[in-house]
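Chemist: This is protein_21.csv, which holds CSV, C-alpha atoms:
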```csv
chain,number,residue,atom,x,y,z
H,26,GLY,CA,12.2,6.5,-10.3
H,27,ALA,CA,9.7,4.5,-8.3
H,28,VAL,CA,10.4,0.8,-8.6
H,29,VAL,CA,10.6,-1.4,-5.5
H,30,SER,CA,11.5,-5.1,-5.7
H,31,GLN,CA,11.1,-7.9,-3.2
H,32,HIS,CA,12.9,-11.2,-3.0
H,33,PRO,CA,11.8,-13.9,-2.8
H,34,SER,CA,8.3,-13.6,-4.3
H,35,ARG,CA,7.2,-16.7,-2.4
H,36,VAL,CA,8.7,-19.0,0.2
H,37,ILE,CA,7.6,-22.1,1.9
H,38,CYS,CA,9.4,-23.1,5.1
H,39,LYS,CA,9.1,-25.5,8.0
H,40,SER,CA,7.9,-24.4,11.4
H,41,GLY,CA,10.7,-23.1,13.6
H,42,THR,CA,12.9,-21.9,10.8
H,43,SER,CA,13.8,-18.3,10.0
H,44,VAL,CA,13.0,-16.6,6.7
H,45,LYS,CA,14.6,-13.4,5.3
H,46,ILE,CA,12.8,-11.1,2.9
H,47,GLU,CA,14.6,-8.4,1.0
H,48,CYS,CA,13.2,-5.1,-0.2
H,49,ARG,CA,15.1,-2.9,-2.6
H,50,SER,CA,14.4,0.5,-4.2
H,51,LEU,CA,15.9,0.0,-7.6
H,52,ASP,CA,16.0,3.5,-9.1
H,53,PHE,CA,15.8,5.8,-6.1
H,54,GLN,CA,17.2,6.2,-2.6
H,55,ALA,CA,14.6,5.5,-0.1
H,56,THR,CA,14.3,7.9,2.8
H,57,THR,CA,12.0,5.6,4.7
H,58,MET,CA,10.9,2.0,4.2
H,59,PHE,CA,7.8,0.3,5.5
H,60,TRP,CA,6.8,-3.3,6.1
H,61,TYR,CA,3.2,-4.4,5.9
H,62,ARG,CA,1.4,-7.7,6.3
H,63,GLN,CA,-1.8,-8.8,4.6
H,64,PHE,CA,-3.9,-11.8,5.6
H,65,PRO,CA,-6.3,-13.4,3.1
H,66,LYS,CA,-9.3,-11.1,2.3
H,67,LYS,CA,-8.0,-8.4,4.6
H,68,SER,CA,-6.4,-5.1,4.2
H,69,LEU,CA,-2.7,-4.3,4.6
H,70,MET,CA,-1.6,-3.7,8.1
H,71,LEU,CA,1.5,-1.7,8.9
H,72,MET,CA,4.1,-3.6,10.9
H,73,ALA,CA,7.0,-1.3,11.1
H,74,THR,CA,8.8,1.8,9.8
H,75,SER,CA,12.5,1.9,9.2
H,76,ASN,CA,15.1,4.5,8.3
H,77,GLU,CA,18.6,3.7,7.1
H,78,GLY,CA,21.0,3.3,9.9
H,79,SER,CA,18.5,3.4,12.7
H,80,LYS,CA,16.3,1.0,14.6
H,81,ALA,CA,12.9,0.3,13.2
H,82,THR,CA,9.7,1.6,14.8
H,83,TYR,CA,7.2,-1.2,15.3
H,84,GLU,CA,3.5,-0.9,15.5
H,85,GLN,CA,1.6,-2.0,18.6
H,86,GLY,CA,1.2,-5.7,18.8
H,87,VAL,CA,4.1,-6.5,16.4
H,88,GLU,CA,6.9,-8.4,18.2
H,89,LYS,CA,10.3,-6.8,17.4
H,90,ASP,CA,12.2,-9.9,18.4
H,91,LYS,CA,10.2,-12.0,16.0
H,92,PHE,CA,10.2,-9.7,13.0
H,93,LEU,CA,13.8,-8.4,12.7
H,94,ILE,CA,14.2,-5.4,10.4
H,95,ASN,CA,17.6,-4.3,9.1
H,96,HIS,CA,17.9,-1.2,7.0
H,97,ALA,CA,21.5,-1.3,6.0
H,98,SER,CA,21.5,1.2,3.1
H,99,LEU,CA,19.3,3.7,1.4
H,100,THR,CA,18.2,1.0,-1.1
H,101,LEU,CA,17.9,-2.1,1.0
H,102,SER,CA,15.7,-3.2,3.9
H,103,THR,CA,15.3,-6.8,5.1
H,104,LEU,CA,12.7,-8.4,7.2
H,105,THR,CA,13.6,-11.6,9.0
H,106,VAL,CA,10.7,-13.7,10.4
H,107,THR,CA,12.4,-15.7,13.2
H,108,SER,CA,11.2,-19.1,14.4
H,109,ALA,CA,8.3,-18.9,12.0
H,110,HIS,CA,5.0,-20.6,12.8
H,111,PRO,CA,2.0,-21.4,10.7
H,112,GLU,CA,0.2,-18.3,12.0
H,113,ASP,CA,3.0,-16.2,10.5
H,114,SER,CA,1.9,-17.3,7.0
H,115,SER,CA,0.9,-14.2,5.2
H,116,PHE,CA,1.6,-11.8,2.4
H,117,TYR,CA,4.4,-9.5,3.4
H,118,ILE,CA,4.8,-6.2,1.4
H,119,CYS,CA,7.3,-3.5,1.7
H,120,SER,CA,7.1,0.1,0.5
H,121,ALA,CA,9.5,3.1,0.3
H,122,THR,CA,9.3,6.8,0.0
H,123,GLY,CA,11.8,9.0,-1.8
H,124,GLY,CA,10.8,8.2,-5.3
H,125,LEU,CA,9.3,10.2,-8.1
H,126,VAL,CA,6.5,11.9,-6.1
H,127,LEU,CA,7.3,13.5,-2.8
H,128,ASP,CA,6.0,11.7,0.3
H,129,THR,CA,4.4,9.0,-1.8
H,130,GLN,CA,4.9,5.3,-0.9
H,131,TYR,CA,5.8,2.9,-3.7
H,132,PHE,CA,5.2,-0.7,-3.0
H,133,GLY,CA,7.0,-3.9,-3.8
H,134,PRO,CA,5.3,-6.9,-5.4
H,135,GLY,CA,5.0,-8.7,-2.1
H,136,THR,CA,6.3,-12.0,-0.6
H,137,ARG,CA,4.0,-14.9,0.0
H,138,LEU,CA,5.2,-16.8,3.1
H,139,THR,CA,3.8,-20.2,3.9
H,140,VAL,CA,4.9,-21.9,7.1
H,141,LEU,CA,4.2,-25.6,7.3
K,119,ASP,CA,-5.3,10.7,9.7
K,120,ALA,CA,-9.0,11.1,8.8
K,121,LYS,CA,-11.2,8.1,8.3
K,122,THR,CA,-12.5,7.3,4.8
K,123,THR,CA,-15.6,5.4,3.7
K,124,GLN,CA,-15.9,3.6,0.4
K,125,PRO,CA,-18.5,1.2,-1.1
K,126,PRO,CA,-17.3,-2.4,-0.7
K,127,SER,CA,-17.8,-3.2,-4.4
K,128,MET,CA,-18.7,-1.8,-7.8
K,129,ASP,CA,-19.2,-3.1,-11.3
K,130,CYS,CA,-18.3,-1.3,-14.4
K,131,ALA,CA,-18.6,-2.3,-18.1
K,132,GLU,CA,-15.4,-2.4,-20.0
K,133,GLY,CA,-14.7,0.7,-22.0
K,134,ARG,CA,-16.9,2.9,-19.8
K,135,ALA,CA,-15.7,5.3,-17.2
K,136,ALA,CA,-15.4,3.9,-13.7
K,137,ASN,CA,-16.3,6.4,-10.9
K,138,LEU,CA,-15.2,5.4,-7.5
K,139,PRO,CA,-16.5,7.5,-4.6
K,140,CYS,CA,-14.8,8.2,-1.2
K,141,ASN,CA,-16.2,10.0,1.8
K,142,HIS,CA,-13.7,11.8,4.2
K,143,SER,CA,-15.9,14.2,6.1
K,144,THR,CA,-13.4,14.7,8.9
K,145,ILE,CA,-10.5,15.6,6.6
K,146,SER,CA,-8.2,18.4,7.9
K,147,GLY,CA,-6.9,21.3,5.9
K,148,ASN,CA,-3.4,19.9,5.6
K,149,GLU,CA,-4.5,16.3,4.6
K,150,TYR,CA,-4.2,15.0,1.1
K,151,VAL,CA,-6.4,12.4,-0.5
K,152,TYR,CA,-4.4,9.5,-2.0
K,153,TRP,CA,-5.6,6.6,-4.1
K,154,TYR,CA,-3.9,3.3,-4.5
K,155,ARG,CA,-5.1,0.1,-6.0
K,156,GLN,CA,-4.2,-3.6,-5.4
K,157,ILE,CA,-4.6,-6.2,-8.1
K,158,HIS,CA,-5.0,-9.6,-6.7
K,159,SER,CA,-1.8,-11.0,-5.1
K,160,GLN,CA,0.3,-7.9,-6.0
K,161,GLY,CA,1.6,-5.0,-4.0
K,162,PRO,CA,-0.5,-1.8,-4.0
K,163,GLN,CA,0.0,0.6,-6.9
K,164,TYR,CA,0.0,4.4,-6.5
K,165,ILE,CA,-2.6,6.1,-8.7
K,166,ILE,CA,-3.0,9.7,-7.8
K,167,HIS,CA,-3.3,12.2,-5.0
K,168,GLY,CA,-4.6,15.7,-4.4
K,169,LEU,CA,-5.2,18.4,-1.8
K,170,LYS,CA,-8.1,20.5,-3.1
K,171,ASN,CA,-7.7,21.0,-6.8
K,172,ASN,CA,-8.8,18.3,-9.3
K,173,GLU,CA,-5.9,16.3,-10.6
K,174,THR,CA,-5.3,14.2,-13.7
K,175,ASN,CA,-2.5,11.9,-14.7
K,176,GLU,CA,-2.0,9.2,-17.2
K,177,MET,CA,-3.9,6.7,-15.1
K,178,ALA,CA,-6.9,8.6,-13.7
K,179,SER,CA,-8.6,11.8,-12.6
K,180,LEU,CA,-9.3,12.8,-9.1
K,181,ILE,CA,-12.2,15.1,-8.4
K,182,ILE,CA,-12.4,16.6,-4.9
K,183,THR,CA,-15.5,18.5,-3.7
K,184,GLU,CA,-15.2,22.1,-2.8
K,185,ASP,CA,-15.7,21.3,0.9
K,186,ARG,CA,-13.2,18.5,0.6
K,187,LYS,CA,-15.5,16.1,2.4
K,188,SER,CA,-15.6,13.6,-0.5
K,189,SER,CA,-13.8,12.8,-3.7
K,190,THR,CA,-14.2,10.6,-6.8
K,191,LEU,CA,-11.6,8.7,-8.6
K,192,ILE,CA,-12.3,8.4,-12.3
K,193,LEU,CA,-10.8,5.8,-14.6
K,194,PRO,CA,-11.9,7.2,-18.0
K,195,HIS,CA,-12.0,4.0,-20.1
K,196,ALA,CA,-11.9,1.0,-17.8
K,197,THR,CA,-10.3,-2.2,-19.1
K,198,LEU,CA,-10.4,-5.7,-17.6
K,199,ARG,CA,-6.9,-5.0,-16.1
K,200,ASP,CA,-8.4,-2.3,-13.9
K,201,THR,CA,-10.2,-5.0,-11.9
K,202,ALA,CA,-8.7,-4.5,-8.4
K,203,VAL,CA,-9.3,-3.2,-4.9
K,204,TYR,CA,-9.1,0.6,-4.8
K,205,TYR,CA,-8.1,2.3,-1.6
K,206,CYS,CA,-8.8,5.9,-0.7
K,207,ILE,CA,-6.4,7.1,2.0
K,208,VAL,CA,-6.2,10.5,3.7
K,209,ARG,CA,-2.9,11.5,5.1
K,210,VAL,CA,-1.2,14.6,6.4
K,211,SER,CA,1.0,16.7,4.1
K,212,GLY,CA,4.7,16.0,4.7
K,213,GLY,CA,3.8,12.6,6.2
K,214,GLY,CA,6.4,10.7,4.2
K,215,ALA,CA,7.7,9.1,7.3
K,216,ASP,CA,4.3,7.8,8.3
K,217,GLY,CA,2.9,4.4,7.4
K,218,LEU,CA,-0.4,4.2,5.5
K,219,THR,CA,-3.7,3.1,7.1
K,220,PHE,CA,-5.6,1.0,4.6
K,221,GLY,CA,-9.4,0.6,5.0
K,222,LYS,CA,-11.3,-2.1,3.2
K,223,GLY,CA,-11.4,-0.3,-0.1
K,224,THR,CA,-13.7,-0.8,-3.1
K,225,HIS,CA,-13.5,-4.0,-5.1
K,226,LEU,CA,-14.0,-2.8,-8.7
K,227,ILE,CA,-14.9,-5.5,-11.1
K,228,ILE,CA,-14.8,-4.6,-14.8
K,229,GLN,CA,-17.2,-6.6,-16.8
K,230,PRO,CA,-16.5,-7.6,-20.4
```
The structure given in the file should be rewritten as structure tokens.
Modeler:
Amino acid sequence: GAVVSQHPSRVICKSGTSVKIECRSLDFQATTMFWYRQFPKKSLMLMATSNEGSKATYEQGVEKDKFLINHASLTLSTLTVTSAHPEDSSFYICSATGGLVLDTQYFGPGTRLTVL
Amino acid sequence: DAKTTQPPSMDCAEGRAANLPCNHSTISGNEYVYWYRQIHSQGPQYIIHGLKNNETNEMASLIITEDRKSSTLILPHATLRDTAVYYCIVRVSGGGADGLTFGKGTHLIIQP
């Protein structure tokens, strides 16, 4: 198994609101889940790493109070963008390890966030 | 993780083999070479990985030079759907808990 889903696929919100993005491993239990962000014409940048039941580890420069990560089970991680602003508009992608090939990350389809 | 260098873009005719090079001259003995691709507006897709032996799966072949300082991803019969950005990533064995560092990759364009 190696299928990762994300919901929603795209979201438009007003500035100042919060948005929750779900990431699920559909056919395997994810030992670790990751969140990435991708701006237009740029490469993916790792935001944070999370393991079930423990606090996420954030990359330098990523505000943990703004990007809340909850990893409640071995198949679900959520990213909440709090008090979103237009500069948070981006493509958010999650990934998970624990699937078919050892130590290999399998990526979700991504969530396009647009903050007006 | 070791740094990789890839050409920014390549063209290939549909039906031909696409050969994508990657340099990783500072690779360590316990580092694997991974290849992913990202089709526009989608999440990256795992293709293949290897340590030092050549590898083949249903998607592609990976050729790693004997000194492991470079590798080539081969798509044997490219189709239009193979148009994507291809990323070569070096990472340590057992690094399942570590995030990936994506470079700029190679934008492969398959021409009809």
Chemist: Near chain K, meaning an atom within 12 Å, which residues of chain H appear when counting all atoms listed in the file? Write them as an mmCIF file with C-alpha atoms, in the frame of the given file.
Modeler:
```cif
data_model
loop_
_atom_site.group_PDB
_atom_site.id
_atom_site.type_symbol
_atom_site.label_atom_id
_atom_site.label_comp_id
_atom_site.auth_asym_id
_atom_site.auth_seq_id
_atom_site.Cartn_x
_atom_site.Cartn_y
_atom_site.Cartn_z
ATOM 1 C CA ALA H 27 9.700 4.500 -8.300
ATOM 2 C CA VAL H 28 10.400 0.800 -8.600
ATOM 3 C CA VAL H 29 10.600 -1.400 -5.500
ATOM 4 C CA SER H 30 11.500 -5.100 -5.700
ATOM 5 C CA GLN H 31 11.100 -7.900 -3.200
ATOM 6 C CA SER H 34 8.300 -13.600 -4.300
ATOM 7 C CA ARG H 35 7.200 -16.700 -2.400
ATOM 8 C CA ALA H 55 14.600 5.500 -0.100
ATOM 9 C CA THR H 56 14.300 7.900 2.800
ATOM 10 C CA THR H 57 12.000 5.600 4.700
ATOM 11 C CA MET H 58 10.900 2.000 4.200
ATOM 12 C CA PHE H 59 7.800 0.300 5.500
ATOM 13 C CA TRP H 60 6.800 -3.300 6.100
ATOM 14 C CA TYR H 61 3.200 -4.400 5.900
ATOM 15 C CA ARG H 62 1.400 -7.700 6.300
ATOM 16 C CA GLN H 63 -1.800 -8.800 4.600
ATOM 17 C CA PHE H 64 -3.900 -11.800 5.600
ATOM 18 C CA PRO H 65 -6.300 -13.400 3.100
ATOM 19 C CA LYS H 66 -9.300 -11.100 2.300
ATOM 20 C CA LYS H 67 -8.000 -8.400 4.600
ATOM 21 C CA SER H 68 -6.400 -5.100 4.200
ATOM 22 C CA LEU H 69 -2.700 -4.300 4.600
ATOM 23 C CA MET H 70 -1.600 -3.700 8.100
ATOM 24 C CA LEU H 71 1.500 -1.700 8.900
ATOM 25 C CA MET H 72 4.100 -3.600 10.900
ATOM 26 C CA ALA H 73 7.000 -1.300 11.100
ATOM 27 C CA THR H 74 8.800 1.800 9.800
ATOM 28 C CA SER H 75 12.500 1.900 9.200
ATOM 29 C CA ASN H 76 15.100 4.500 8.300
ATOM 30 C CA ALA H 81 12.900 0.300 13.200
ATOM 31 C CA THR H 82 9.700 1.600 14.800
ATOM 32 C CA TYR H 83 7.200 -1.200 15.300
ATOM 33 C CA GLU H 84 3.500 -0.900 15.500
ATOM 34 C CA SER H 115 0.900 -14.200 5.200
ATOM 35 C CA PHE H 116 1.600 -11.800 2.400
ATOM 36 C CA TYR H 117 4.400 -9.500 3.400
ATOM 37 C CA ILE H 118 4.800 -6.200 1.400
ATOM 38 C CA CYS H 119 7.300 -3.500 1.700
ATOM 39 C CA SER H 120 7.100 0.100 0.500
ATOM 40 C CA ALA H 121 9.500 3.100 0.300
ATOM 41 C CA THR H 122 9.300 6.800 0.000
ATOM 42 C CA GLY H 123 11.800 9.000 -1.800
ATOM 43 C CA GLY H 124 10.800 8.200 -5.300
ATOM 44 C CA LEU H 125 9.300 10.200 -8.100
ATOM 45 C CA VAL H 126 6.500 11.900 -6.100
ATOM 46 C CA LEU H 127 7.300 13.500 -2.800
ATOM 47 C CA ASP H 128 6.000 11.700 0.300
ATOM 48 C CA THR H 129 4.400 9.000 -1.800
ATOM 49 C CA GLN H 130 4.900 5.300 -0.900
ATOM 50 C CA TYR H 131 5.800 2.900 -3.700
ATOM 51 C CA PHE H 132 5.200 -0.700 -3.000
ATOM 52 C CA GLY H 133 7.000 -3.900 -3.800
ATOM 53 C CA PRO H 134 5.300 -6.900 -5.400
ATOM 54 C CA GLY H 135 5.000 -8.700 -2.100
ATOM 55 C CA THR H 136 6.300 -12.000 -0.600
ATOM 56 C CA ARG H 137 4.000 -14.900 0.000
#
```
Chemist: Go through K:Thr183, K:Glu132, K:Lys121, K:Tyr204 and flag the residue nearest Thr144 (chain K), using only C-alpha atoms for the distances.
Modeler: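 The shortest atom-to-atom distance to Thr144 (chain K) comes from K:Lys121.
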Chemist: Which of these residues is nearest to Lys170 (chain K), using only C-alpha atoms: K:Cys206, K:Leu198, K:Ile145, K:Ile182?
Modeler: K:Ile182
Chemist: Could you tell me how far CA of Glu173 (chain K) lies from CA of Pro194 (chain K), in Å and to one decimal?
Modeler: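 It comes out at 13.2 Å.
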Chemist: With distances taken over all atoms listed in the file, which of K:Ala202, K:Val208, K:Val151, K:Leu191 is nearest to Ile228 (chain K)?
Modeler: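 Comparing K:Ala202, K:Val208, K:Val151, K:Leu191 against Ile228 (chain K), the winner is K:Ala202.
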Chemist: Between CA of Pro139 (chain K) and CA of Thr224 (chain K), measure the distance and give it in Å to one decimal.
Modeler: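 Separation between CA of Pro139 (chain K) and CA of Thr224 (chain K): 8.9 Å.
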Chemist: Just want the 7 Å neighbourhood of Ser108 (chain H), counted on only C-alpha atoms, with same-chain residues fewer than 4 positions away dropped. Output as a list in words.
Modeler: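 The neighbour list is Ser40, Gly41, Thr42 and Ser43 of chain H.
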Chemist: Please compute the CA of Thr105 (chain H)-CA of Val87 (chain H) distance, one decimal, in Å.
Modeler: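 A separation of 13.1 Å between them.
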Chemist: Which protein, DNA or RNA residues have an atom at most 12 Å from (-6.9, 14.5, -17.8), counting only C-alpha atoms? List them as number ranges by chain.
Modeler: K: 166, 172-181, 191-195
Chemist: From the coordinates I just gave you, please extract region 122-133 of chain K so that only all heavy atoms remain, then output it as an mmCIF file, in the first residue's frame.
Modeler:
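Full text of part.cif as output:
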```cif
data_model
loop_
_atom_site.group_PDB
_atom_site.id
_atom_site.type_symbol
_atom_site.label_atom_id
_atom_site.label_comp_id
_atom_site.auth_asym_id
_atom_site.auth_seq_id
_atom_site.Cartn_x
_atom_site.Cartn_y
_atom_site.Cartn_z
ATOM 1 N N THR K 122 22.809 17.402 -5.112
ATOM 2 C CA THR K 122 22.705 16.860 -6.458
ATOM 3 C C THR K 122 22.636 17.986 -7.458
ATOM 4 O O THR K 122 22.194 19.095 -7.148
ATOM 5 C CB THR K 122 21.451 15.978 -6.609
ATOM 6 O OG1 THR K 122 20.290 16.780 -6.402
ATOM 7 C CG2 THR K 122 21.460 14.831 -5.600
ATOM 8 N N THR K 123 23.080 17.698 -8.687
ATOM 9 C CA THR K 123 23.028 18.658 -9.784
ATOM 10 C C THR K 123 22.349 18.008 -10.969
ATOM 11 O O THR K 123 22.736 16.909 -11.387
ATOM 12 C CB THR K 123 24.445 19.107 -10.186
ATOM 13 O OG1 THR K 123 25.107 19.637 -9.037
ATOM 14 C CG2 THR K 123 24.381 20.197 -11.249
ATOM 15 N N GLN K 124 21.327 18.706 -11.506
ATOM 16 C CA GLN K 124 20.583 18.193 -12.650
ATOM 17 C C GLN K 124 20.445 19.304 -13.687
ATOM 18 O O GLN K 124 20.379 20.482 -13.338
ATOM 19 C CB GLN K 124 19.173 17.762 -12.234
ATOM 20 C CG GLN K 124 19.118 16.666 -11.195
ATOM 21 C CD GLN K 124 17.677 16.359 -10.812
ATOM 22 O OE1 GLN K 124 17.227 16.686 -9.696
ATOM 23 N NE2 GLN K 124 16.957 15.732 -11.730
ATOM 24 N N PRO K 125 20.361 18.939 -14.970
ATOM 25 C CA PRO K 125 20.091 19.974 -15.977
ATOM 26 C C PRO K 125 18.693 20.542 -15.756
ATOM 27 O O PRO K 125 17.783 19.810 -15.371
ATOM 28 C CB PRO K 125 20.178 19.221 -17.306
ATOM 29 C CG PRO K 125 19.965 17.781 -16.947
ATOM 30 C CD PRO K 125 20.492 17.612 -15.561
ATOM 31 N N PRO K 126 18.496 21.838 -15.983
ATOM 32 C CA PRO K 126 17.192 22.429 -15.704
ATOM 33 C C PRO K 126 16.070 21.922 -16.604
ATOM 34 O O PRO K 126 14.924 21.842 -16.164
ATOM 35 C CB PRO K 126 17.407 23.925 -15.897
ATOM 36 C CG PRO K 126 18.650 24.046 -16.699
ATOM 37 C CD PRO K 126 19.485 22.857 -16.388
ATOM 38 N N SER K 127 16.396 21.567 -17.828
ATOM 39 C CA SER K 127 15.337 21.105 -18.727
ATOM 40 C C SER K 127 15.901 20.177 -19.791
ATOM 41 O O SER K 127 17.099 20.216 -20.102
ATOM 42 C CB SER K 127 14.629 22.286 -19.375
ATOM 43 O OG SER K 127 15.507 22.987 -20.214
ATOM 44 N N MET K 128 15.022 19.335 -20.309
ATOM 45 C CA MET K 128 15.365 18.413 -21.387
ATOM 46 C C MET K 128 14.136 18.170 -22.231
ATOM 47 O O MET K 128 13.006 18.178 -21.707
ATOM 48 C CB MET K 128 15.846 17.065 -20.831
ATOM 49 C CG MET K 128 17.165 17.079 -20.117
ATOM 50 S SD MET K 128 17.607 15.434 -19.539
ATOM 51 C CE MET K 128 17.799 14.563 -21.082
ATOM 52 N N ASP K 129 14.366 17.921 -23.517
ATOM 53 C CA ASP K 129 13.296 17.508 -24.411
ATOM 54 C C ASP K 129 13.547 16.073 -24.845
ATOM 55 O O ASP K 129 14.696 15.638 -24.947
ATOM 56 C CB ASP K 129 13.258 18.397 -25.662
ATOM 57 C CG ASP K 129 12.700 19.775 -25.374
ATOM 58 O OD1 ASP K 129 12.213 19.996 -24.247
ATOM 59 O OD2 ASP K 129 12.748 20.624 -26.258
ATOM 60 N N CYS K 130 12.475 15.380 -25.139
ATOM 61 C CA CYS K 130 12.584 14.010 -25.642
ATOM 62 C C CYS K 130 11.384 13.754 -26.546
ATOM 63 O O CYS K 130 10.267 14.189 -26.245
ATOM 64 C CB CYS K 130 12.614 13.021 -24.486
ATOM 65 S SG CYS K 130 12.729 11.285 -24.996
ATOM 66 N N ALA K 131 11.612 13.027 -27.627
ATOM 67 C CA ALA K 131 10.516 12.688 -28.523
ATOM 68 C C ALA K 131 9.701 11.535 -27.949
ATOM 69 O O ALA K 131 10.240 10.591 -27.341
ATOM 70 C CB ALA K 131 11.067 12.316 -29.891
ATOM 71 N N GLU K 132 8.417 11.639 -28.157
ATOM 72 C CA GLU K 132 7.516 10.576 -27.700
ATOM 73 C C GLU K 132 7.934 9.239 -28.304
ATOM 74 O O GLU K 132 8.271 9.155 -29.495
ATOM 75 C CB GLU K 132 6.087 10.917 -28.112
ATOM 76 C CG GLU K 132 5.028 10.003 -27.547
ATOM 77 C CD GLU K 132 3.620 10.421 -27.951
ATOM 78 O OE1 GLU K 132 3.484 11.190 -28.933
ATOM 79 O OE2 GLU K 132 2.674 9.984 -27.293
ATOM 80 N N GLY K 133 7.939 8.199 -27.473
ATOM 81 C CA GLY K 133 8.316 6.870 -27.934
ATOM 82 C C GLY K 133 9.799 6.551 -27.793
ATOM 83 O O GLY K 133 10.183 5.381 -27.856
#
```
